[in-house]
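Data from model.pdb: PDB, C-alpha atoms and all ligand atoms
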```pdb
MODEL        1
ATOM      1  CA  ASP A  42      68.860  72.574 -78.552
ATOM      2  CA  GLY A  43      70.046  69.700 -76.412
ATOM      3  CA  SER A  44      70.488  67.312 -79.343
ATOM      4  CA  VAL A  45      73.529  65.069 -79.292
ATOM      5  CA  ALA A  46      75.081  67.022 -82.196
ATOM      6  CA  GLU A  47      74.590  70.257 -80.252
ATOM      7  CA  GLN A  48      76.101  68.696 -77.127
ATOM      8  CA  ILE A  49      79.146  67.557 -79.096
ATOM      9  CA  ARG A  50      79.590  71.062 -80.537
ATOM     10  CA  TYR A  51      79.426  72.493 -77.019
ATOM     11  CA  ILE A  52      81.956  69.941 -75.755
ATOM     12  CA  ASN A  53      84.417  70.783 -78.528
ATOM     13  CA  ARG A  54      84.055  74.539 -77.981
ATOM     14  CA  ARG A  55      84.413  74.218 -74.209
ATOM     15  CA  LYS A  56      87.452  71.916 -74.560
ATOM     16  CA  GLN A  57      89.250  74.643 -76.498
ATOM     17  CA  GLU A  58      88.276  77.338 -73.975
ATOM     18  CA  LEU A  59      89.581  75.268 -71.090
ATOM     19  CA  ASN A  60      92.486  73.540 -72.853
ATOM     20  CA  ALA A  61      90.877  70.234 -71.882
ATOM     21  CA  ILE A  62      91.227  66.705 -73.201
ATOM     22  CA  ILE A  63      88.866  63.766 -72.911
ATOM     23  CA  LEU A  64      90.338  60.361 -72.088
ATOM     24  CA  ALA A  65      88.081  57.309 -72.365
ATOM     25  CA  HIS A  66      88.437  53.632 -71.530
ATOM     26  CA  PHE A  67      87.485  50.928 -74.055
ATOM     27  CA  TYR A  68      84.514  49.947 -71.850
ATOM     28  CA  GLN A  69      82.850  53.331 -72.285
ATOM     29  CA  ARG A  70      79.680  53.758 -74.353
ATOM     30  CA  PRO A  71      80.325  54.054 -78.128
ATOM     31  CA  GLU A  72      79.370  57.753 -78.243
ATOM     32  CA  ILE A  73      81.871  58.492 -75.466
ATOM     33  CA  GLN A  74      84.616  56.539 -77.258
ATOM     34  CA  GLU A  75      83.821  58.568 -80.391
ATOM     35  CA  MET A  76      84.053  61.969 -78.701
ATOM     36  CA  ALA A  77      87.251  61.192 -76.776
ATOM     37  CA  ASP A  78      90.631  62.583 -77.762
ATOM     38  CA  TYR A  79      92.200  59.333 -76.697
ATOM     39  CA  VAL A  80      90.702  55.864 -76.074
ATOM     40  CA  GLY A  81      92.826  53.244 -74.380
ATOM     41  CA  ASP A  82      93.350  50.528 -71.808
ATOM     42  CA  SER A  83      94.293  51.355 -68.212
ATOM     43  CA  LEU A  84      98.004  51.579 -68.885
ATOM     44  CA  GLN A  85      97.701  53.591 -72.089
ATOM     45  CA  LEU A  86      95.361  56.037 -70.342
ATOM     46  CA  ALA A  87      97.698  56.429 -67.360
ATOM     47  CA  VAL A  88     100.604  57.148 -69.716
ATOM     48  CA  GLN A  89      98.535  59.726 -71.632
ATOM     49  CA  ALA A  90      97.423  61.380 -68.405
ATOM     50  CA  ALA A  91     100.998  61.513 -67.121
ATOM     51  CA  LYS A  92     102.327  63.303 -70.173
ATOM     52  CA  THR A  93      99.489  65.596 -71.192
ATOM     53  CA  THR A  94      99.986  69.359 -71.111
ATOM     54  CA  ALA A  95      96.218  70.001 -71.127
ATOM     55  CA  ASP A  96      94.972  71.975 -68.111
ATOM     56  CA  VAL A  97      91.895  69.829 -67.666
ATOM     57  CA  ILE A  98      91.538  66.063 -68.055
ATOM     58  CA  VAL A  99      87.983  64.753 -68.368
ATOM     59  CA  PHE A 100      88.261  61.117 -67.423
ATOM     60  CA  CYS A 101      85.565  58.889 -68.894
ATOM     61  CA  GLY A 102      86.179  55.740 -66.930
ATOM     62  CA  VAL A 103      86.016  54.794 -63.256
ATOM     63  CA  ARG A 104      87.397  56.475 -60.153
ATOM     64  CA  PHE A 105      90.690  54.573 -59.813
ATOM     65  CA  MET A 106      91.629  55.627 -63.352
ATOM     66  CA  ALA A 107      90.903  59.312 -62.703
ATOM     67  CA  GLU A 108      92.782  59.081 -59.385
ATOM     68  CA  SER A 109      95.805  57.626 -61.172
ATOM     69  CA  ALA A 110      95.703  60.560 -63.603
ATOM     70  CA  LYS A 111      95.681  63.019 -60.689
ATOM     71  CA  ILE A 112      98.489  61.155 -58.903
ATOM     72  CA  LEU A 113     100.669  61.163 -62.030
ATOM     73  CA  ASN A 114      99.911  64.739 -63.130
ATOM     74  CA  PRO A 115      98.730  66.675 -60.059
ATOM     75  CA  LYS A 116      98.863  70.164 -61.608
ATOM     76  CA  ARG A 117      95.993  69.298 -63.937
ATOM     77  CA  THR A 118      92.341  69.508 -63.008
ATOM     78  CA  VAL A 119      90.976  65.968 -63.278
ATOM     79  CA  LEU A 120      87.225  65.584 -63.712
ATOM     80  CA  LEU A 121      85.219  62.379 -63.306
ATOM     81  CA  PRO A 122      81.855  63.209 -64.933
ATOM     82  CA  GLU A 123      80.020  60.623 -62.811
ATOM     83  CA  PRO A 124      81.394  60.650 -59.251
ATOM     84  CA  GLY A 125      79.685  57.348 -58.453
ATOM     85  CA  ALA A 126      81.603  55.432 -61.128
ATOM     86  CA  GLY A 127      83.737  53.091 -59.042
ATOM     87  CA  CYS A 128      85.180  49.609 -59.351
ATOM     88  CA  PRO A 129      83.771  46.971 -56.992
ATOM     89  CA  MET A 130      87.046  45.054 -57.166
ATOM     90  CA  ALA A 131      89.047  48.119 -56.101
ATOM     91  CA  ASP A 132      86.816  48.298 -53.016
ATOM     92  CA  MET A 133      87.761  44.737 -52.025
ATOM     93  CA  VAL A 134      90.988  45.909 -50.383
ATOM     94  CA  THR A 135      91.435  48.856 -48.032
ATOM     95  CA  ALA A 136      94.682  50.486 -46.915
ATOM     96  CA  LYS A 137      93.963  49.393 -43.356
ATOM     97  CA  GLU A 138      93.530  45.731 -44.319
ATOM     98  CA  LEU A 139      96.646  45.881 -46.466
ATOM     99  CA  ARG A 140      98.731  47.405 -43.663
ATOM    100  CA  ARG A 141      97.609  44.609 -41.344
ATOM    101  CA  LYS A 142      98.538  41.952 -43.915
ATOM    102  CA  LYS A 143     101.980  43.523 -44.450
ATOM    103  CA  GLN A 144     102.629  43.270 -40.710
ATOM    104  CA  GLU A 145     101.876  39.545 -40.878
ATOM    105  CA  LEU A 146     104.301  39.144 -43.787
ATOM    106  CA  PRO A 147     107.455  41.103 -43.005
ATOM    107  CA  GLY A 148     109.669  41.728 -46.035
ATOM    108  CA  VAL A 149     106.882  41.049 -48.515
ATOM    109  CA  GLN A 150     106.777  43.060 -51.742
ATOM    110  CA  VAL A 151     103.344  44.413 -52.538
ATOM    111  CA  VAL A 152     102.258  44.501 -56.165
ATOM    112  CA  CYS A 153      99.015  46.323 -56.573
ATOM    113  CA  TYR A 154      96.766  46.162 -59.600
ATOM    114  CA  VAL A 155      95.863  49.704 -60.681
ATOM    115  CA  ASN A 156      92.232  48.767 -60.003
ATOM    116  CA  SER A 157      92.681  49.999 -56.425
ATOM    117  CA  SER A 158      92.343  53.184 -54.389
ATOM    118  CA  ALA A 159      95.068  55.821 -54.085
ATOM    119  CA  GLU A 160      95.470  54.818 -50.401
ATOM    120  CA  VAL A 161      96.127  51.186 -51.357
ATOM    121  CA  LYS A 162      98.636  52.262 -54.013
ATOM    122  CA  ALA A 163     100.367  54.335 -51.322
ATOM    123  CA  GLU A 164     100.879  51.133 -49.292
ATOM    124  CA  SER A 165     102.314  49.241 -52.293
ATOM    125  CA  ASP A 166     105.801  48.855 -53.747
ATOM    126  CA  ILE A 167     104.781  48.842 -57.382
ATOM    127  CA  CYS A 168     101.604  48.956 -59.454
ATOM    128  CA  CYS A 169     100.683  46.925 -62.512
ATOM    129  CA  THR A 170      97.902  46.743 -65.061
ATOM    130  CA  SER A 171      96.739  43.619 -66.852
ATOM    131  CA  SER A 172      99.001  44.485 -69.793
ATOM    132  CA  ASN A 173     102.267  44.632 -67.824
ATOM    133  CA  ALA A 174     101.625  42.499 -64.718
ATOM    134  CA  VAL A 175     103.949  39.676 -65.816
ATOM    135  CA  LYS A 176     106.717  42.137 -66.622
ATOM    136  CA  VAL A 177     106.235  43.938 -63.295
ATOM    137  CA  VAL A 178     106.466  40.742 -61.225
ATOM    138  CA  ASN A 179     109.470  39.540 -63.244
ATOM    139  CA  SER A 180     111.217  42.847 -62.468
ATOM    140  CA  LEU A 181     111.170  42.172 -58.712
ATOM    141  CA  PRO A 182     114.210  40.668 -57.007
ATOM    142  CA  PRO A 183     113.720  36.895 -56.819
ATOM    143  CA  GLY A 184     113.452  35.049 -53.554
ATOM    144  CA  VAL A 185     111.275  37.638 -51.856
ATOM    145  CA  PRO A 186     107.585  36.768 -51.480
ATOM    146  CA  VAL A 187     105.099  38.809 -53.499
ATOM    147  CA  LEU A 188     101.712  39.873 -52.187
ATOM    148  CA  PHE A 189      99.364  40.626 -55.076
ATOM    149  CA  VAL A 190      96.254  42.782 -54.453
ATOM    150  CA  PRO A 191      93.324  42.804 -55.057
ATOM    151  CA  ASP A 192      92.587  40.521 -58.059
ATOM    152  CA  LYS A 193      93.103  36.834 -57.275
ATOM    153  CA  ASN A 194      92.360  35.824 -60.868
ATOM    154  CA  LEU A 195      94.967  38.131 -62.418
ATOM    155  CA  GLY A 196      97.313  37.155 -59.583
ATOM    156  CA  HIS A 197      96.839  33.470 -60.377
ATOM    157  CA  PHE A 198      97.560  34.111 -64.061
ATOM    158  CA  VAL A 199     100.741  36.058 -63.265
ATOM    159  CA  ALA A 200     101.966  33.407 -60.810
ATOM    160  CA  ARG A 201     101.521  30.819 -63.568
ATOM    161  CA  GLN A 202     103.341  32.917 -66.156
ATOM    162  CA  THR A 203     106.250  33.899 -63.938
ATOM    163  CA  GLY A 204     106.599  30.757 -61.828
ATOM    164  CA  ARG A 205     106.931  33.053 -58.802
ATOM    165  CA  GLU A 206     105.520  32.319 -55.402
ATOM    166  CA  MET A 207     102.701  34.794 -54.884
ATOM    167  CA  ILE A 208     100.307  35.441 -52.047
ATOM    168  CA  LEU A 209      96.931  36.354 -53.503
ATOM    169  CA  TRP A 210      94.264  38.642 -52.071
ATOM    170  CA  GLU A 211      90.622  37.499 -52.041
ATOM    171  CA  GLY A 212      89.418  40.071 -54.595
ATOM    172  CA  TYR A 213      87.881  39.668 -58.034
ATOM    173  CA  CYS A 214      86.003  41.596 -60.700
ATOM    174  CA  PRO A 215      82.317  40.665 -60.397
ATOM    175  CA  VAL A 216      81.853  41.326 -64.126
ATOM    176  CA  HIS A 217      84.633  39.012 -65.369
ATOM    177  CA  HIS A 218      84.407  36.462 -62.546
ATOM    178  CA  ARG A 219      80.864  35.620 -63.660
ATOM    179  CA  VAL A 220      82.017  33.990 -66.920
ATOM    180  CA  SER A 221      81.812  30.225 -66.481
ATOM    181  CA  LEU A 222      83.725  27.458 -68.212
ATOM    182  CA  ASP A 223      80.359  26.102 -69.449
ATOM    183  CA  GLU A 224      79.594  29.407 -71.136
ATOM    184  CA  LEU A 225      82.987  29.453 -72.790
ATOM    185  CA  MET A 226      82.592  25.861 -73.997
ATOM    186  CA  GLU A 227      79.159  26.670 -75.412
ATOM    187  CA  ALA A 228      80.577  29.698 -77.284
ATOM    188  CA  LYS A 229      83.329  27.460 -78.679
ATOM    189  CA  ARG A 230      80.732  24.919 -79.844
ATOM    190  CA  GLN A 231      78.821  27.673 -81.618
ATOM    191  CA  HIS A 232      81.915  29.117 -83.236
ATOM    192  CA  PRO A 233      84.378  26.295 -83.800
ATOM    193  CA  GLY A 234      87.657  27.607 -85.133
ATOM    194  CA  ALA A 235      87.277  31.054 -83.544
ATOM    195  CA  VAL A 236      90.289  32.299 -81.585
ATOM    196  CA  VAL A 237      89.421  32.794 -77.909
ATOM    197  CA  MET A 238      90.715  35.927 -76.180
ATOM    198  CA  VAL A 239      89.743  36.666 -72.592
ATOM    199  CA  HIS A 240      90.744  39.206 -69.984
ATOM    200  CA  PRO A 241      92.931  37.762 -67.197
ATOM    201  CA  GLU A 242      90.316  38.931 -64.659
ATOM    202  CA  CYS A 243      88.358  35.828 -65.723
ATOM    203  CA  GLN A 244      88.601  32.721 -63.546
ATOM    204  CA  PRO A 245      91.661  30.459 -63.989
ATOM    205  CA  GLU A 246      89.666  27.630 -65.613
ATOM    206  CA  VAL A 247      88.289  30.081 -68.182
ATOM    207  CA  VAL A 248      91.743  31.500 -68.890
ATOM    208  CA  ALA A 249      93.147  27.966 -69.214
ATOM    209  CA  ALA A 250      90.528  27.084 -71.862
ATOM    210  CA  SER A 251      91.331  30.224 -73.913
ATOM    211  CA  ASP A 252      93.970  30.868 -76.555
ATOM    212  CA  TYR A 253      94.994  34.233 -75.109
ATOM    213  CA  ALA A 254      94.566  36.148 -71.834
ATOM    214  CA  LEU A 255      95.177  39.816 -72.603
ATOM    215  CA  SER A 256      94.377  43.350 -71.480
ATOM    216  CA  THR A 257      91.804  45.253 -73.528
ATOM    217  CA  GLY A 258      94.590  47.009 -75.437
ATOM    218  CA  GLY A 259      96.363  43.667 -75.879
ATOM    219  CA  ILE A 260      93.256  42.071 -77.413
ATOM    220  CA  LEU A 261      92.885  44.946 -79.898
ATOM    221  CA  GLU A 262      96.503  44.767 -80.924
ATOM    222  CA  THR A 263      96.763  40.971 -81.103
ATOM    223  CA  VAL A 264      93.696  40.608 -83.343
ATOM    224  CA  GLY A 265      95.517  42.826 -85.856
ATOM    225  CA  ARG A 266      98.555  40.562 -85.863
ATOM    226  CA  LEU A 267      96.651  37.318 -86.495
ATOM    227  CA  PRO A 268      95.392  36.001 -89.841
ATOM    228  CA  ASP A 269      92.231  34.579 -88.219
ATOM    229  CA  ARG A 270      88.770  35.926 -89.084
ATOM    230  CA  GLU A 271      86.677  34.888 -86.065
ATOM    231  CA  PHE A 272      87.169  35.698 -82.408
ATOM    232  CA  ILE A 273      85.371  34.868 -79.168
ATOM    233  CA  ILE A 274      85.937  37.780 -76.806
ATOM    234  CA  GLY A 275      85.821  37.454 -73.012
ATOM    235  CA  THR A 276      85.685  40.984 -71.729
ATOM    236  CA  GLU A 277      83.311  43.917 -71.308
ATOM    237  CA  GLU A 278      81.228  44.561 -74.424
ATOM    238  CA  GLY A 279      82.520  48.122 -74.904
ATOM    239  CA  LEU A 280      85.664  46.661 -76.428
ATOM    240  CA  LEU A 281      83.579  45.080 -79.224
ATOM    241  CA  TYR A 282      82.688  48.542 -80.483
ATOM    242  CA  GLN A 283      86.388  49.333 -80.933
ATOM    243  CA  LEU A 284      87.204  45.870 -82.363
ATOM    244  CA  ARG A 285      84.428  46.093 -84.989
ATOM    245  CA  LYS A 286      85.434  49.625 -85.875
ATOM    246  CA  ARG A 287      89.099  48.745 -86.385
ATOM    247  CA  TYR A 288      88.546  45.346 -87.981
ATOM    248  CA  PRO A 289      85.276  45.558 -89.944
ATOM    249  CA  ASP A 290      86.146  42.441 -91.967
ATOM    250  CA  ARG A 291      86.418  40.174 -88.895
ATOM    251  CA  SER A 292      83.700  38.623 -86.727
ATOM    252  CA  PHE A 293      83.614  39.035 -82.958
ATOM    253  CA  TYR A 294      81.400  37.095 -80.565
ATOM    254  CA  LEU A 295      80.980  37.837 -76.862
ATOM    255  CA  VAL A 296      81.627  34.810 -74.662
ATOM    256  CA  ARG A 297      78.349  35.464 -72.793
ATOM    257  CA  ASP A 298      75.198  37.382 -73.742
ATOM    258  CA  GLU A 299      75.500  39.923 -70.989
ATOM    259  CA  PHE A 300      78.946  41.348 -70.332
ATOM    260  CA  LEU A 301      78.503  44.831 -68.939
ATOM    261  CA  CYS A 302      80.367  46.791 -66.296
ATOM    262  CA  PRO A 303      77.569  48.966 -64.836
ATOM    263  CA  ASP A 304      80.056  51.498 -63.446
ATOM    264  CA  MET A 305      81.687  52.017 -66.833
ATOM    265  CA  LYS A 306      78.288  52.696 -68.373
ATOM    266  CA  LEU A 307      77.408  55.476 -65.910
ATOM    267  CA  THR A 308      79.262  58.095 -67.978
ATOM    268  CA  THR A 309      76.996  59.771 -70.547
ATOM    269  CA  VAL A 310      77.371  62.646 -73.014
ATOM    270  CA  GLU A 311      75.111  64.800 -70.789
ATOM    271  CA  LYS A 312      77.346  64.213 -67.791
ATOM    272  CA  VAL A 313      80.435  65.181 -69.794
ATOM    273  CA  VAL A 314      78.651  68.402 -70.833
ATOM    274  CA  ARG A 315      77.774  69.189 -67.217
ATOM    275  CA  SER A 316      81.269  68.400 -66.043
ATOM    276  CA  LEU A 317      82.836  70.749 -68.594
ATOM    277  CA  GLU A 318      80.291  73.443 -67.682
ATOM    278  CA  THR A 319      80.908  73.303 -63.956
ATOM    279  CA  LEU A 320      84.460  71.878 -63.706
ATOM    280  CA  GLU A 321      83.049  69.354 -61.250
ATOM    281  CA  PRO A 322      83.314  66.693 -59.860
ATOM    282  CA  LYS A 323      87.039  67.186 -59.341
ATOM    283  CA  ILE A 324      89.282  64.346 -58.245
ATOM    284  CA  GLU A 325      91.595  65.263 -55.371
ATOM    285  CA  VAL A 326      94.189  63.093 -53.649
ATOM    286  CA  PRO A 327      95.745  64.248 -50.335
ATOM    287  CA  GLU A 328      99.426  65.084 -50.874
ATOM    288  CA  ASP A 329     100.878  62.534 -48.419
ATOM    289  CA  VAL A 330      98.913  59.737 -50.091
ATOM    290  CA  ARG A 331      99.669  61.077 -53.549
ATOM    291  CA  GLY A 332     103.435  61.123 -53.073
ATOM    292  CA  ARG A 333     103.599  57.495 -51.964
ATOM    293  CA  ALA A 334     101.109  56.308 -54.590
ATOM    294  CA  TYR A 335     103.117  58.198 -57.211
ATOM    295  CA  GLN A 336     106.204  56.140 -56.436
ATOM    296  CA  ALA A 337     104.352  52.870 -57.050
ATOM    297  CA  LEU A 338     102.810  54.116 -60.306
ATOM    298  CA  GLU A 339     105.999  55.781 -61.523
ATOM    299  CA  ARG A 340     108.007  52.622 -60.904
ATOM    300  CA  MET A 341     105.551  50.747 -63.140
ATOM    301  CA  ILE A 342     105.570  53.356 -65.898
ATOM    302  CA  ASN A 343     109.374  53.476 -65.966
ATOM    303  CA  LEU A 344     109.464  49.734 -66.692
ATOM    304  CA  ARG A 345     107.991  50.173 -70.154
TER     305      ARG A 345
HETATM  306  P1  LIG B   1      92.499  47.003 -69.000
HETATM  307  O1  LIG B   1      93.716  47.414 -68.273
HETATM  308  O2  LIG B   1      92.699  45.762 -69.776
HETATM  309  O3  LIG B   1      91.999  48.142 -69.847
HETATM  310  O4  LIG B   1      91.357  46.611 -67.958
HETATM  311  C1  LIG B   1      90.744  47.503 -67.100
HETATM  312  C2  LIG B   1      89.640  46.895 -66.369
HETATM  313  O5  LIG B   1      88.993  47.494 -65.543
HETATM  314  C3  LIG B   1      89.326  45.514 -66.656
HETATM  315  O6  LIG B   1      88.141  45.160 -66.061
HETATM  316 FE1  LIG B   2      86.214  47.096 -62.132
HETATM  317 FE2  LIG B   2      85.506  44.865 -63.365
HETATM  318 FE3  LIG B   2      84.358  47.167 -64.053
HETATM  319 FE4  LIG B   2      86.911  46.661 -64.696
HETATM  320  S1  LIG B   2      85.093  45.596 -65.427
HETATM  321  S2  LIG B   2      86.104  48.555 -63.814
HETATM  322  S3  LIG B   2      87.587  45.507 -62.884
HETATM  323  S4  LIG B   2      84.205  46.133 -62.055
ENDMDL
END
```

Can you give me the file's structure in the form of structure tokens?
Amino acid sequence: DGSVAEQIRYINRRKQELNAIILAHFYQRPEIQEMADYVGDSLQLAVQAAKTTADVIVFCGVRFMAESAKILNPKRTVLLPEPGAGCPMADMVTAKELRRKKQELPGVQVVCYVNSSAEVKAESDICCTSSNAVKVVNSLPPGVPVLFVPDKNLGHFVARQTGREMILWEGYCPVHHRVSLDELMEAKRQHPGAVVMVHPECQPEVVAASDYALSTGGILETVGRLPDREFIIGTEEGLLYQLRKRYPDRSFYLVRDEFLCPDMKLTTVEKVVRSLETLEPKIEVPEDVRGRAYQALERMINLR
């Protein structure tokens, strides 16, 4: 009858028929997080995608995440229910621009944030996510310059943490970059005593005024380890759904009123239904690109 309950029943039936699993990022709509077999941050989702034996992976997230799943586990059919779900930051570096930069910097090691295209990963030595970026950079032989693409804010944070000399790309996440120090200070005034946790995609001055800069998965986990009751959260609002679900006795406040990634919100229950019906839109990565991108992703995953 087209009701949400009916759609969920269809999804569960069709998943069994196809041997499919649904992976969802923490920024997805609550109903998508609820229907998923696994909800996680970028790294956790990549690891799940790499090891799944399901024939079909329905990726509720944005394109670079679904591409990473295909790169890591190419025998599976990977579906991205909304083909237009991209990441504006990932589009801030192209393979062509990166190749040109590498020519200017012979011997440079390229660390690429997973928020990037398959072609950019193929031009990189190793990938990272926000949860392992410090570990990834620390794993590189010292004394060789590091080029970090595309997020200058995460790059700045990692350079600080590692003390390594890093060349940063001029990219940023429009959603996280918008948070201002004034907004953070105002949130702190309203909630004195709250622990401040932000995503390292926020600007350096915002990160510096926070207690923690963590990936989405890192925020979820760290809240559970602290005795505190109140938290100011500086990341996309989808994570608050998961935080409130897991920690109903704590209070969470968003650092700014509006904190939405429009691309992450494009995935709906209807689109998941359609995708399972039609087995479209499929994510494909040309084999020459895939092989080189695989090396960069695999090198990251093996570091865990
Ligand atoms: P996480 O790796 O922390 O899940 O972040 C993904 C992302 O797109 C942040 O904007
Ligand atoms: Fe990209 Fe920012 Fe959206 Fe994350 S929140 S997917 S980095 S635009």

Please write as a PyMOL selection string the full residue list that the PyMOL selection byres (((not hetatm)) within 7 of (chain B and resi 1)) yields on this file. chain A and resi 66-67+81-84+156+170-172+214+240+242+256-258

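Using all atoms listed in the file, the nearest neighbour of ligand LIG 2 (chain B) within the list A:Met226, A:Cys128, A:Leu188, A:Val330 is A:Cys128.
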
Would you name the residues within 8 Å of ligand LIG 2 (chain B), counting all atoms listed in the file, and put them as a ChimeraX atom specification? /A:68,102-103,127-131,156,213-217,242,276-277,301-305

Give the answer as one residue: which of A:Asp192, A:Glu299, A:Glu145, A:Glu262 has the shortest atom-to-atom distance to A:Met238, using only C-alpha atoms? A:Glu262

Given the PyMOL selection byres (((chain A and resi 228) around 10) and not hetatm), the residues it picks as a list in words: Leu222, Asp223, Glu224, Leu225, Met226, Glu227, Lys229, Arg230, Gln231, His232, Pro233, Ala235, Val237, Ile273, Ile274, Tyr294, Leu295, Val296 and Arg297 of chain A

Evaluate the PyMOL selection byres (((chain A and resi 48) around 12) and not hetatm) here and jot the selected residues down as a compact mmCIF listing (two decimals) with C-alpha atoms, in the coordinates of the input.
```txt
# COMPACT_ATOMS: atom_id res chain seq x y z
CA ASP A 42 68.86 72.57 -78.55
CA GLY A 43 70.05 69.70 -76.41
CA SER A 44 70.49 67.31 -79.34
CA VAL A 45 73.53 65.07 -79.29
CA ALA A 46 75.08 67.02 -82.20
CA GLU A 47 74.59 70.26 -80.25
CA ILE A 49 79.15 67.56 -79.10
CA ARG A 50 79.59 71.06 -80.54
CA TYR A 51 79.43 72.49 -77.02
CA ILE A 52 81.96 69.94 -75.76
CA ASN A 53 84.42 70.78 -78.53
CA ARG A 54 84.06 74.54 -77.98
CA ARG A 55 84.41 74.22 -74.21
CA GLU A 72 79.37 57.75 -78.24
CA ILE A 73 81.87 58.49 -75.47
CA MET A 76 84.05 61.97 -78.70
CA THR A 309 77.00 59.77 -70.55
CA VAL A 310 77.37 62.65 -73.01
CA GLU A 311 75.11 64.80 -70.79
CA LYS A 312 77.35 64.21 -67.79
CA VAL A 313 80.44 65.18 -69.79
CA VAL A 314 78.65 68.40 -70.83
CA ARG A 315 77.77 69.19 -67.22
CA LEU A 317 82.84 70.75 -68.59
CA GLU A 318 80.29 73.44 -67.68
```

Have a look at A:Leu261, A:Lys162, A:Arg270, A:Asp132 and name the one nearest to A:Gln283; count all atoms listed in the file. A:Leu261

Looking at all atoms listed in the file, which of A:Asn114, A:Leu59, A:Arg287, A:Gln85 is the one that sits closest to A:Gly259?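 So, comparing all the options, the nearest one is A:Gln85.
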
Which one is closest to A:Thr94: A:Ile62, A:Glu271, A:Val80, A:Met106? Count all atoms listed in the file.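 Closest residue, counting all atoms listed in the file: A:Ile62.
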
Choose the residue, out of A:Asp298, A:Glu164, A:Glu123, A:Asp78, that has the smallest atom-to-atom separation from A:Glu138; count only C-alpha atoms.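 Among the listed residues, the smallest separation from A:Glu138 belongs to A:Glu164.
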
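Once A:Arg345 and its same-chain neighbours fewer than 4 positions away are set aside, Asn173, Lys176, Val177, Arg340 and Met341 of chain A remain within 10 Å of it when counting all atoms listed in the file.
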
Give me the box for stretch 250-269 of chain A as lines of an AutoDock Vina configuration file, namely the centre and edge lengths in Å to one decimal of a box along x, y and z that holds every listed atom plus 8 Å on each side.
```
center_x = 94.5
center_y = 37.0
center_z = -80.7
size_x = 24.0
size_y = 35.9
size_z = 34.4
```

So that I can check the surroundings of A:Gln202, please list as a ChimeraX atom specification every protein, DNA and RNA residue that reaches within 10 Å of it, counting all atoms listed in the file and ignoring chain neighbours fewer than 5 positions away. /A:174-176,178-179,196-197

Could you name the residues that touch A:Thr93 at 10 Å or less, counting only C-alpha atoms, but leaving out those on the same chain fewer than 2 positions away, as a list in words?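 Residues meeting the cut-off are Ala61, Ile62, Val88, Gln89, Ala90, Ala91, Ala95, Asp96, Val97, Ile98, Ala110, Asn114 and Arg117 of chain A.
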
Could you state the separation of atom CA of A:Gly279 and atom CA of A:Val247 in Å, given to one decimal place?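 Separation between atom CA of A:Gly279 and atom CA of A:Val247: 20.1 Å.
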
Between atom CA of A:Leu120 and atom CA of A:Arg70 - distance in Å to one decimal: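 A separation of 17.6 Å between them.
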
Residues within 8 Å of (97.2, 58.4, -55.4), file coordinates, counting only C-alpha atoms: what are they? Give the list as a count of residues only. 18

Nearby residues (all atoms listed in the file) at most 10 Å from A:Pro124, same-chain spacing under 6 positions excluded, as a list in words: Val103, Arg104, Leu307, Thr308, Glu321, Pro322, Lys323 and Ile324 of chain A

By how many Å are atom CA of A:Leu146 and atom CA of A:His218 apart?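 For atom CA of A:Leu146 relative to atom CA of A:His218, the distance reads 27.5 Å.
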
Rebuild stretch 118-125 of chain A to N, CA, C and O atoms - output it as an mmCIF file, in the coordinates of the input, please.
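Now in result.cif:
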```cif
data_model
loop_
_atom_site.group_PDB
_atom_site.id
_atom_site.type_symbol
_atom_site.label_atom_id
_atom_site.label_comp_id
_atom_site.auth_asym_id
_atom_site.auth_seq_id
_atom_site.Cartn_x
_atom_site.Cartn_y
_atom_site.Cartn_z
ATOM 1 N N THR A 118 93.657 69.749 -63.598
ATOM 2 C CA THR A 118 92.341 69.508 -63.008
ATOM 3 C C THR A 118 91.819 68.214 -63.618
ATOM 4 O O THR A 118 91.751 68.086 -64.839
ATOM 5 N N VAL A 119 91.500 67.244 -62.762
ATOM 6 C CA VAL A 119 90.976 65.968 -63.278
ATOM 7 C C VAL A 119 89.495 65.866 -62.908
ATOM 8 O O VAL A 119 89.136 65.972 -61.735
ATOM 9 N N LEU A 120 88.673 65.679 -63.927
ATOM 10 C CA LEU A 120 87.225 65.584 -63.712
ATOM 11 C C LEU A 120 86.752 64.163 -63.979
ATOM 12 O O LEU A 120 87.173 63.538 -64.956
ATOM 13 N N LEU A 121 85.875 63.680 -63.105
ATOM 14 C CA LEU A 121 85.219 62.379 -63.306
ATOM 15 C C LEU A 121 83.730 62.695 -63.453
ATOM 16 O O LEU A 121 83.054 62.981 -62.465
ATOM 17 N N PRO A 122 83.214 62.702 -64.694
ATOM 18 C CA PRO A 122 81.855 63.209 -64.933
ATOM 19 C C PRO A 122 80.790 62.562 -64.040
ATOM 20 O O PRO A 122 79.815 63.203 -63.688
ATOM 21 N N GLU A 123 80.976 61.300 -63.704
ATOM 22 C CA GLU A 123 80.020 60.623 -62.811
ATOM 23 C C GLU A 123 80.788 60.196 -61.554
ATOM 24 O O GLU A 123 81.557 59.234 -61.593
ATOM 25 N N PRO A 124 80.588 60.924 -60.451
ATOM 26 C CA PRO A 124 81.394 60.650 -59.251
ATOM 27 C C PRO A 124 81.144 59.265 -58.664
ATOM 28 O O PRO A 124 81.989 58.731 -57.950
ATOM 29 N N GLY A 125 80.003 58.672 -58.993
ATOM 30 C CA GLY A 125 79.685 57.348 -58.453
ATOM 31 C C GLY A 125 80.283 56.203 -59.243
ATOM 32 O O GLY A 125 80.071 55.037 -58.903
#
```
